[in-house]
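Data file: structure.tsv. Format and content: TSV, C-alpha atoms.
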chain	number	residue	atom	x	y	z
A	1357	MET	CA	-10.87	-31.30	-12.13
A	1358	GLN	CA	-9.32	-29.90	-15.31
A	1359	PRO	CA	-10.29	-26.41	-16.45
A	1360	THR	CA	-12.22	-26.05	-19.69
A	1361	ARG	CA	-11.45	-23.65	-22.51
A	1362	ALA	CA	-14.18	-21.36	-21.11
A	1363	THR	CA	-12.20	-21.12	-17.83
A	1364	TYR	CA	-9.19	-19.85	-19.76
A	1365	LEU	CA	-11.24	-17.32	-21.73
A	1366	TRP	CA	-12.89	-15.94	-18.57
A	1367	THR	CA	-9.49	-15.72	-16.87
A	1368	TYR	CA	-8.11	-13.81	-19.87
A	1369	LEU	CA	-11.11	-11.46	-19.86
A	1370	ALA	CA	-10.63	-10.79	-16.12
A	1371	LEU	CA	-6.92	-10.08	-16.73
A	1372	LEU	CA	-7.78	-7.56	-19.48
A	1373	VAL	CA	-10.40	-5.82	-17.32
A	1374	LEU	CA	-7.98	-5.59	-14.37
A	1375	SER	CA	-5.25	-4.24	-16.69
A	1376	ALA	CA	-7.62	-1.57	-17.98
A	1377	ALA	CA	-8.51	-0.71	-14.37
A	1378	THR	CA	-4.80	-0.31	-13.43
A	1379	LEU	CA	-4.25	1.87	-16.48
A	1380	GLY	CA	-7.29	4.02	-15.60
A	1381	ILE	CA	-6.23	4.42	-11.97
A	1382	SER	CA	-2.75	5.57	-13.08
A	1383	PHE	CA	-4.36	8.66	-14.70
A	1384	LEU	CA	-6.04	9.72	-11.43
A	1385	SER	CA	-2.70	10.83	-9.87
A	1386	LEU	CA	-3.47	9.27	-6.48
A	1387	GLY	CA	0.19	9.17	-5.38
A	1388	THR	CA	1.08	6.46	-2.87
A	1389	LEU	CA	-2.50	5.18	-2.80
A	1390	GLY	CA	-2.44	4.75	-6.59
A	1391	SER	CA	0.88	2.86	-6.40
A	1392	ALA	CA	-0.56	0.55	-3.72
A	1393	ALA	CA	-3.64	-0.08	-5.89
A	1394	ALA	CA	-1.44	-0.86	-8.93
A	1395	ILE	CA	0.58	-3.45	-6.96
A	1396	ALA	CA	-2.57	-4.91	-5.38
A	1397	ILE	CA	-4.21	-5.36	-8.80
A	1398	ALA	CA	-0.99	-6.88	-10.22
A	1399	THR	CA	-1.00	-9.36	-7.31
A	1400	VAL	CA	-4.61	-10.35	-8.03
A	1401	LYS	CA	-3.73	-10.81	-11.72
A	1402	ALA	CA	-0.71	-12.97	-10.85
A	1403	LEU	CA	-2.91	-15.11	-8.56
A	1404	LEU	CA	-5.48	-15.58	-11.36
A	1405	ILE	CA	-2.66	-16.73	-13.65
A	1406	ALA	CA	-1.27	-19.10	-10.98
A	1407	CYS	CA	-4.68	-20.62	-10.13
A	1408	PHE	CA	-6.10	-21.11	-13.63
A	1409	PHE	CA	-3.43	-20.79	-16.35
A	1410	MET	CA	-0.85	-22.58	-14.15
A	1411	HIS	CA	-3.44	-25.12	-12.97
A	1412	LEU	CA	-2.85	-24.75	-9.23
A	1413	VAL	CA	-6.59	-25.34	-8.65
A	1414	GLU	CA	-6.34	-28.85	-10.10
A	1415	GLN	CA	-2.99	-29.89	-8.57
A	1416	ARG	CA	-2.00	-31.13	-5.14
A	1417	ALA	CA	-1.85	-28.51	-2.39
A	1418	SER	CA	1.94	-28.89	-1.94
A	1419	ASN	CA	2.56	-26.84	-5.14
A	1420	ALA	CA	0.27	-24.03	-3.94
A	1421	LEU	CA	1.90	-24.16	-0.49
A	1422	ALA	CA	5.39	-23.72	-1.98
A	1423	LEU	CA	4.19	-20.69	-3.98
A	1424	GLY	CA	2.24	-19.22	-1.07
A	1425	ILE	CA	5.23	-19.33	1.28
A	1426	ALA	CA	7.48	-17.78	-1.39
A	1427	VAL	CA	5.03	-14.91	-1.99
A	1428	LEU	CA	4.75	-14.26	1.75
A	1429	LEU	CA	8.54	-14.18	2.19
A	1430	VAL	CA	9.06	-11.90	-0.83
A	1431	ALA	CA	6.42	-9.49	0.52
A	1432	LEU	CA	8.20	-9.46	3.91
A	1433	PHE	CA	11.58	-8.97	2.20
A	1434	ILE	CA	10.34	-5.91	0.28
A	1435	ALA	CA	8.33	-4.46	3.19
A	1436	ILE	CA	11.22	-4.70	5.69
A	1437	ALA	CA	13.78	-3.21	3.27
A	1438	ALA	CA	11.53	-0.33	2.15
A	1439	GLY	CA	10.29	0.20	5.71
A	1440	GLU	CA	13.86	0.62	6.91
A	1441	VAL	CA	14.52	3.32	4.30
A	1442	ALA	CA	11.20	5.06	5.09
A	1443	THR	CA	11.94	5.27	8.83
A	1444	ARG	CA	15.51	6.60	8.60
A	1445	PRO	CA	15.83	9.88	10.53
A	1446	GLU	CA	15.98	13.14	8.53
A	1447	GLY	CA	19.45	14.04	7.33
A	1448	THR	CA	20.83	10.49	7.24
A	1449	TRP	CA	22.20	9.04	4.02
A	1450	ARG	CA	19.72	7.90	1.45
B	251	MET	CA	0.90	-53.91	-15.72
B	252	SER	CA	3.90	-51.69	-16.20
B	253	ASP	CA	3.63	-48.39	-18.04
B	254	ALA	CA	6.64	-47.65	-20.27
B	255	ARG	CA	6.28	-43.91	-19.49
B	256	VAL	CA	6.91	-44.45	-15.76
B	257	HIS	CA	10.56	-44.22	-14.75
B	258	LEU	CA	12.04	-46.86	-12.44
B	259	GLN	CA	11.96	-44.72	-9.28
B	260	TYR	CA	8.23	-43.89	-9.41
B	261	GLN	CA	5.42	-46.24	-8.46
B	262	ASP	CA	2.95	-44.78	-10.93
B	263	LEU	CA	2.47	-42.05	-13.55
B	264	ALA	CA	0.53	-39.74	-11.20
B	265	THR	CA	3.43	-39.67	-8.71
B	266	GLN	CA	5.92	-39.04	-11.52
B	267	THR	CA	3.85	-36.20	-12.97
B	268	HIS	CA	3.42	-34.63	-9.53
B	269	ALA	CA	7.18	-34.81	-8.94
B	270	ALA	CA	7.82	-33.10	-12.30
B	271	ARG	CA	5.35	-30.30	-11.49
B	272	LEU	CA	6.63	-29.77	-7.95
B	273	GLY	CA	10.20	-29.65	-9.27
B	274	MET	CA	9.15	-27.00	-11.81
B	275	TRP	CA	7.39	-24.97	-9.09
B	276	LEU	CA	10.54	-25.03	-6.95
B	277	PHE	CA	12.57	-23.80	-9.95
B	278	LEU	CA	10.02	-21.04	-10.58
B	279	ILE	CA	10.26	-19.98	-6.93
B	280	SER	CA	14.04	-19.70	-7.24
B	281	GLU	CA	13.35	-17.40	-10.23
B	282	VAL	CA	11.00	-15.32	-8.09
B	283	LEU	CA	13.75	-14.97	-5.48
B	284	LEU	CA	16.21	-13.86	-8.19
B	285	PHE	CA	13.83	-11.06	-9.21
B	286	SER	CA	12.80	-10.22	-5.64
B	287	GLY	CA	16.28	-8.83	-4.88
B	288	LEU	CA	15.83	-6.31	-7.71
B	289	PHE	CA	12.31	-5.45	-6.57
B	290	VAL	CA	13.74	-4.75	-3.10
B	291	ILE	CA	16.30	-2.33	-4.57
B	292	TYR	CA	13.54	-0.62	-6.55
B	293	ALA	CA	11.25	-0.34	-3.48
B	294	SER	CA	14.08	1.06	-1.34
B	295	TYR	CA	15.17	3.70	-3.87
B	296	ARG	CA	11.57	4.62	-4.66
B	297	THR	CA	10.85	5.10	-0.94
B	298	ALA	CA	13.91	7.35	-0.63
B	299	HIS	CA	13.22	9.36	-3.83
B	300	PRO	CA	9.47	9.23	-4.61
B	301	GLN	CA	9.32	12.44	-6.71
B	302	ALA	CA	12.33	11.62	-8.90
B	303	PHE	CA	11.01	8.10	-9.53
B	304	ALA	CA	7.53	9.37	-10.43
B	305	ALA	CA	9.06	11.96	-12.81
B	306	ALA	CA	11.19	9.28	-14.48
B	307	ALA	CA	8.17	6.95	-14.81
B	308	ARG	CA	6.25	9.80	-16.50
B	309	HIS	CA	8.94	9.74	-19.17
B	310	ALA	CA	8.35	6.04	-19.93
B	311	ASN	CA	6.35	5.25	-23.07
B	312	LEU	CA	2.99	4.23	-21.62
B	313	GLY	CA	1.55	3.13	-24.97
B	314	LEU	CA	4.47	0.78	-25.65
B	315	GLY	CA	4.38	-0.63	-22.11
B	316	THR	CA	0.63	-1.25	-22.34
B	317	ALA	CA	1.00	-2.91	-25.75
B	318	MET	CA	3.66	-5.22	-24.30
B	319	THR	CA	1.34	-6.10	-21.40
B	320	PHE	CA	-1.42	-6.93	-23.90
B	321	LEU	CA	0.93	-9.14	-25.96
B	322	LEU	CA	2.10	-11.12	-22.91
B	323	LEU	CA	-1.41	-11.56	-21.44
B	324	THR	CA	-2.65	-12.80	-24.81
B	325	SER	CA	0.33	-15.16	-25.11
B	326	SER	CA	-0.54	-16.63	-21.70
B	327	LEU	CA	-4.03	-17.40	-23.00
B	328	THR	CA	-2.66	-19.03	-26.16
B	329	VAL	CA	-0.19	-21.08	-24.06
B	330	ALA	CA	-3.03	-22.25	-21.80
B	331	LEU	CA	-5.03	-23.25	-24.90
B	332	GLY	CA	-1.93	-25.00	-26.31
B	333	VAL	CA	-1.51	-27.04	-23.11
B	334	HIS	CA	-5.25	-27.81	-23.18
B	335	ALA	CA	-5.07	-28.99	-26.81
B	336	THR	CA	-1.99	-31.14	-26.04
B	337	ARG	CA	-3.75	-32.79	-23.10
B	338	HIS	CA	-6.73	-33.60	-25.29
B	339	GLY	CA	-4.70	-34.91	-28.21
B	340	ALA	CA	-5.63	-32.06	-30.58
B	341	ARG	CA	-2.21	-32.03	-32.22
B	342	ARG	CA	-2.79	-29.44	-34.95
B	343	ALA	CA	-4.44	-27.03	-32.54
B	344	ALA	CA	-1.56	-27.49	-30.08
B	345	ILE	CA	1.03	-26.70	-32.77
B	346	GLY	CA	-0.96	-23.60	-33.77
B	347	TRP	CA	-1.42	-22.25	-30.24
B	348	LEU	CA	2.19	-22.92	-29.18
B	349	GLY	CA	3.52	-21.37	-32.39
B	350	ALA	CA	1.28	-18.33	-31.91
B	351	SER	CA	2.52	-17.97	-28.32
B	352	ALA	CA	6.15	-18.00	-29.45
B	353	ALA	CA	5.28	-15.38	-32.10
B	354	LEU	CA	3.58	-13.14	-29.49
B	355	GLY	CA	6.68	-13.46	-27.29
B	356	ALA	CA	8.86	-12.48	-30.25
B	357	GLY	CA	6.57	-9.48	-30.81
B	358	PHE	CA	7.11	-8.45	-27.19
B	359	LEU	CA	10.89	-8.62	-27.70
B	360	ALA	CA	10.64	-6.52	-30.86
B	361	LEU	CA	8.73	-3.77	-28.98
B	362	LYS	CA	11.24	-3.96	-26.12
B	363	ALA	CA	14.17	-3.59	-28.53
B	364	TRP	CA	12.48	-0.58	-30.17
B	365	GLU	CA	11.91	0.99	-26.76
B	366	TYR	CA	15.55	0.42	-25.74
B	367	ALA	CA	16.72	2.00	-29.02
B	368	ARG	CA	14.54	5.09	-28.42
B	369	HIS	CA	15.82	5.48	-24.84
B	370	LEU	CA	19.46	4.99	-25.82
B	371	GLY	CA	19.03	7.64	-28.53
B	372	GLU	CA	17.86	10.14	-25.88
B	373	GLY	CA	20.93	9.51	-23.73
B	374	ILE	CA	19.03	7.28	-21.27
B	375	ARG	CA	21.79	4.78	-20.64
B	376	PRO	CA	22.46	2.68	-17.54
B	377	GLY	CA	24.75	3.66	-14.67
B	378	ALA	CA	27.83	5.79	-15.38
B	379	TYR	CA	26.83	6.18	-19.06
B	380	TYR	CA	23.59	8.01	-18.16
B	381	ASP	CA	23.35	11.26	-20.15
B	382	PHE	CA	19.68	12.33	-20.16
B	383	LYS	CA	19.59	16.15	-19.98
B	384	ALA	CA	15.87	16.46	-19.09
B	385	LEU	CA	16.24	14.44	-15.86
B	386	PRO	CA	19.77	14.98	-14.49
B	387	ASP	CA	18.83	13.82	-10.94
B	388	PRO	CA	21.00	10.83	-9.83
B	389	ALA	CA	17.78	9.18	-8.60
B	390	ALA	CA	16.42	9.28	-12.19
B	391	ASN	CA	19.67	7.59	-13.22
B	392	ALA	CA	18.95	4.90	-10.58
B	393	PHE	CA	15.41	4.49	-11.95
B	394	PHE	CA	16.58	3.91	-15.51
B	395	THR	CA	19.49	1.70	-14.44
B	396	LEU	CA	16.97	-0.50	-12.60
B	397	TYR	CA	14.73	-0.31	-15.66
B	398	TYR	CA	17.50	-1.77	-17.84
B	399	LEU	CA	18.48	-4.37	-15.23
B	400	MET	CA	14.97	-5.62	-14.49
B	401	THR	CA	13.48	-5.46	-18.00
B	402	GLY	CA	16.76	-6.85	-19.38
B	403	LEU	CA	16.73	-9.84	-17.02
B	404	HIS	CA	13.03	-10.31	-17.80
B	405	GLY	CA	13.77	-10.02	-21.53
B	406	LEU	CA	16.34	-12.83	-21.27
B	407	HIS	CA	13.62	-14.95	-19.68
B	408	VAL	CA	11.27	-14.08	-22.55
B	409	VAL	CA	13.97	-15.26	-25.00
B	410	GLY	CA	14.23	-18.55	-23.07
B	411	GLY	CA	10.43	-18.89	-23.01
B	412	VAL	CA	10.08	-18.25	-26.75
B	413	LEU	CA	12.70	-20.94	-27.45
B	414	ALA	CA	10.93	-23.38	-25.09
B	415	LEU	CA	7.52	-22.75	-26.70
B	416	ALA	CA	8.92	-23.03	-30.23
B	417	GLY	CA	10.63	-26.27	-29.11
B	418	CYS	CA	7.29	-27.58	-27.80
B	419	ALA	CA	5.57	-26.77	-31.10
B	420	LEU	CA	8.34	-28.73	-32.83
B	421	LEU	CA	7.92	-31.67	-30.43
B	422	ALA	CA	4.17	-31.68	-31.15
B	423	LEU	CA	4.91	-31.61	-34.88
B	424	ARG	CA	7.13	-34.71	-34.47
B	425	ARG	CA	4.49	-36.38	-32.23
B	426	ARG	CA	6.95	-36.48	-29.32
B	427	VAL	CA	4.39	-34.84	-27.01
B	428	GLY	CA	0.64	-35.42	-26.92
B	429	ARG	CA	-2.24	-36.76	-24.85
B	430	ASP	CA	-0.06	-39.54	-23.38
B	431	HIS	CA	2.95	-37.35	-22.73
B	432	PRO	CA	1.97	-33.68	-22.15
B	433	THR	CA	4.52	-32.91	-19.38
B	434	PRO	CA	7.14	-31.01	-21.46
B	435	VAL	CA	4.41	-28.70	-22.79
B	436	GLU	CA	2.88	-28.26	-19.32
B	437	LEU	CA	6.24	-27.33	-17.75
B	438	SER	CA	7.15	-24.92	-20.57
B	439	GLY	CA	3.71	-23.37	-20.12
B	440	LEU	CA	4.35	-22.91	-16.37
B	441	TYR	CA	7.62	-21.14	-17.17
B	442	TRP	CA	5.92	-18.85	-19.68
B	443	HIS	CA	3.14	-17.90	-17.25
B	444	LEU	CA	5.75	-16.98	-14.62
B	445	VAL	CA	7.52	-14.72	-17.15
B	446	ASP	CA	4.13	-13.09	-17.85
B	447	ALA	CA	3.38	-12.70	-14.12
B	448	ILE	CA	6.72	-10.96	-13.49
B	449	TRP	CA	5.96	-8.49	-16.29
B	450	LEU	CA	2.63	-7.72	-14.59
B	451	PHE	CA	4.71	-6.15	-11.78
B	452	LEU	CA	7.29	-4.50	-14.05
B	453	TRP	CA	4.50	-2.73	-15.98
B	454	PRO	CA	3.18	-0.71	-13.00
B	455	ILE	CA	6.56	0.09	-11.43
B	456	PHE	CA	8.16	1.42	-14.63
B	457	TYR	CA	5.16	2.81	-16.56
B	458	LEU	CA	2.13	3.38	-14.32
B	459	MET	CA	3.37	4.70	-10.96
B	460	ARG	CA	3.70	8.28	-12.19
For this file, write the structure as structure tokens.
Amino acid sequence: MQPTRATYLWTYLALLVLSAATLGISFLSLGTLGSAAAIAIATVKALLIACFFMHLVEQRASNALALGIAVLLVALFIAIAAGEVATRPEGTWR
Amino acid sequence: MSDARVHLQYQDLATQTHAARLGMWLFLISEVLLFSGLFVIYASYRTAHPQAFAAAARHANLGLGTAMTFLLLTSSLTVALGVHATRHGARRAAIGWLGASAALGAGFLALKAWEYARHLGEGIRPGAYYDFKALPDPAANAFFTLYYLMTGLHGLHVVGGVLALAGCALLALRRRVGRDHPTPVELSGLYWHLVDAIWLFLWPIFYLMR
């Protein structure tokens, strides 16, 4: 199944709406929660791009599997490194 | 029934095309890993110095960053339409969309260069050359050094992507790509979308997380 031009236009529209949402949320000064929302929305946008603009939906699952594993490992990489810094005892080097 | 487009080692065109796409995906994943190291450094420093990072992000030019996001998102749409036109043999449309995409990428680079020039004029320079009086905190220095590193590495990828897209428009002009041979355009498109996707994370961490 190949996407039609309408698929691309809807994807683009969704990306613009999500970008506007991220921009709006950044004015609410929600601190850590706002940062988490910004990254979550960016992840959804990247997935939309991967599925439709990059045609993952029409290709064999092995391509999506390679990307999925990479995303999982990068998320672990960042979470473990930042988690280590966050849980250092007071007074230790930062 | 042999197809001249199929190389010796593949049994049919579908297998060859799949191999080309999978190879491109593996390359893109190695690019993701290259950037992920920098994202880890950012996440670690931000966790250690949340206030200084938020203050530095407040100094970023939100309007410029948002404009750059808009340019790249739009260029991803035009690339997708260019790939679509190539697949369907609409040669003129393909040349137009691919050329427009390269132009949008060049516009992104122009905004980035302007932003760099403004920052450098204020004394916001990377590492030991940092001399920004309003934010003397070493953590703000770390923020802007990462800003130059990550947006600079991303900018180099944008340069590569613009050249690839312009090259594809040229190939379409010379009828070297088309309905029967869309793979070079498809793979360049994949590369461009990855460059766009990476920016989608750079935008919040350097402009929005204030």
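Separating atom CA of Leu1429 of chain A from atom CA of Thr265 of chain B is a distance of 28.2 Å.
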May I have the residues within 8 Å of segment 1390-1407 of chain A as a PyMOL selection string, using only C-alpha atoms and disregarding those fewer than 4 positions away in the same chain?
(chain A and resi 1367+1371+1374+1378+1381-1382+1384-1386+1411-1413) or (chain B and resi 443+447+450-451+454+458-459)
Using all atoms listed in the file, determine which residues lie at most 8 Å from segment 364-378 of chain B, disregarding the query and same-chain residues fewer than 2 positions distant; provide the list as a PyMOL selection string.
chain B and resi 311+314+360-362+380-383+391-392+394-395+398
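One finds atom CA of Arg1416 of chain A at 10.8 Å from atom CA of Ala264 of chain B.
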So how many Å separate atom CA of Pro432 of chain B and atom CA of Ala1422 of chain A, to one decimal?
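Atom CA of Ala1422 of chain A lies 22.8 Å from atom CA of Pro432 of chain B.
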Compute the set of chain B residues within 8 Å of chain A, using all atoms listed in the file, and express it as a PyMOL selection string.
chain B and resi 268+271-272+275-276+279+282-283+286+289-290+293-294+297-298+320+323-324+326-327+330-331+334+439-440+443+447+450-451+454+458-460
Could you put an axis-aligned box around every listed atom of segment 1409-1416 of chain A, padded by 6 Å on each side, and send me its centre and edge lengths in Å to one decimal, as lines of an AutoDock Vina configuration file?
center_x = -3.7
center_y = -26.0
center_z = -10.7
size_x = 17.7
size_y = 22.3
size_z = 23.2
Using all atoms listed in the file - which residues lie no farther than 10 Å from the point (10.1, 7.9, -7.4) in the file's frame? Write them as an MDAnalysis selection string.
chainID B and resid 292:307 389:390 392:393 455:456 459:460
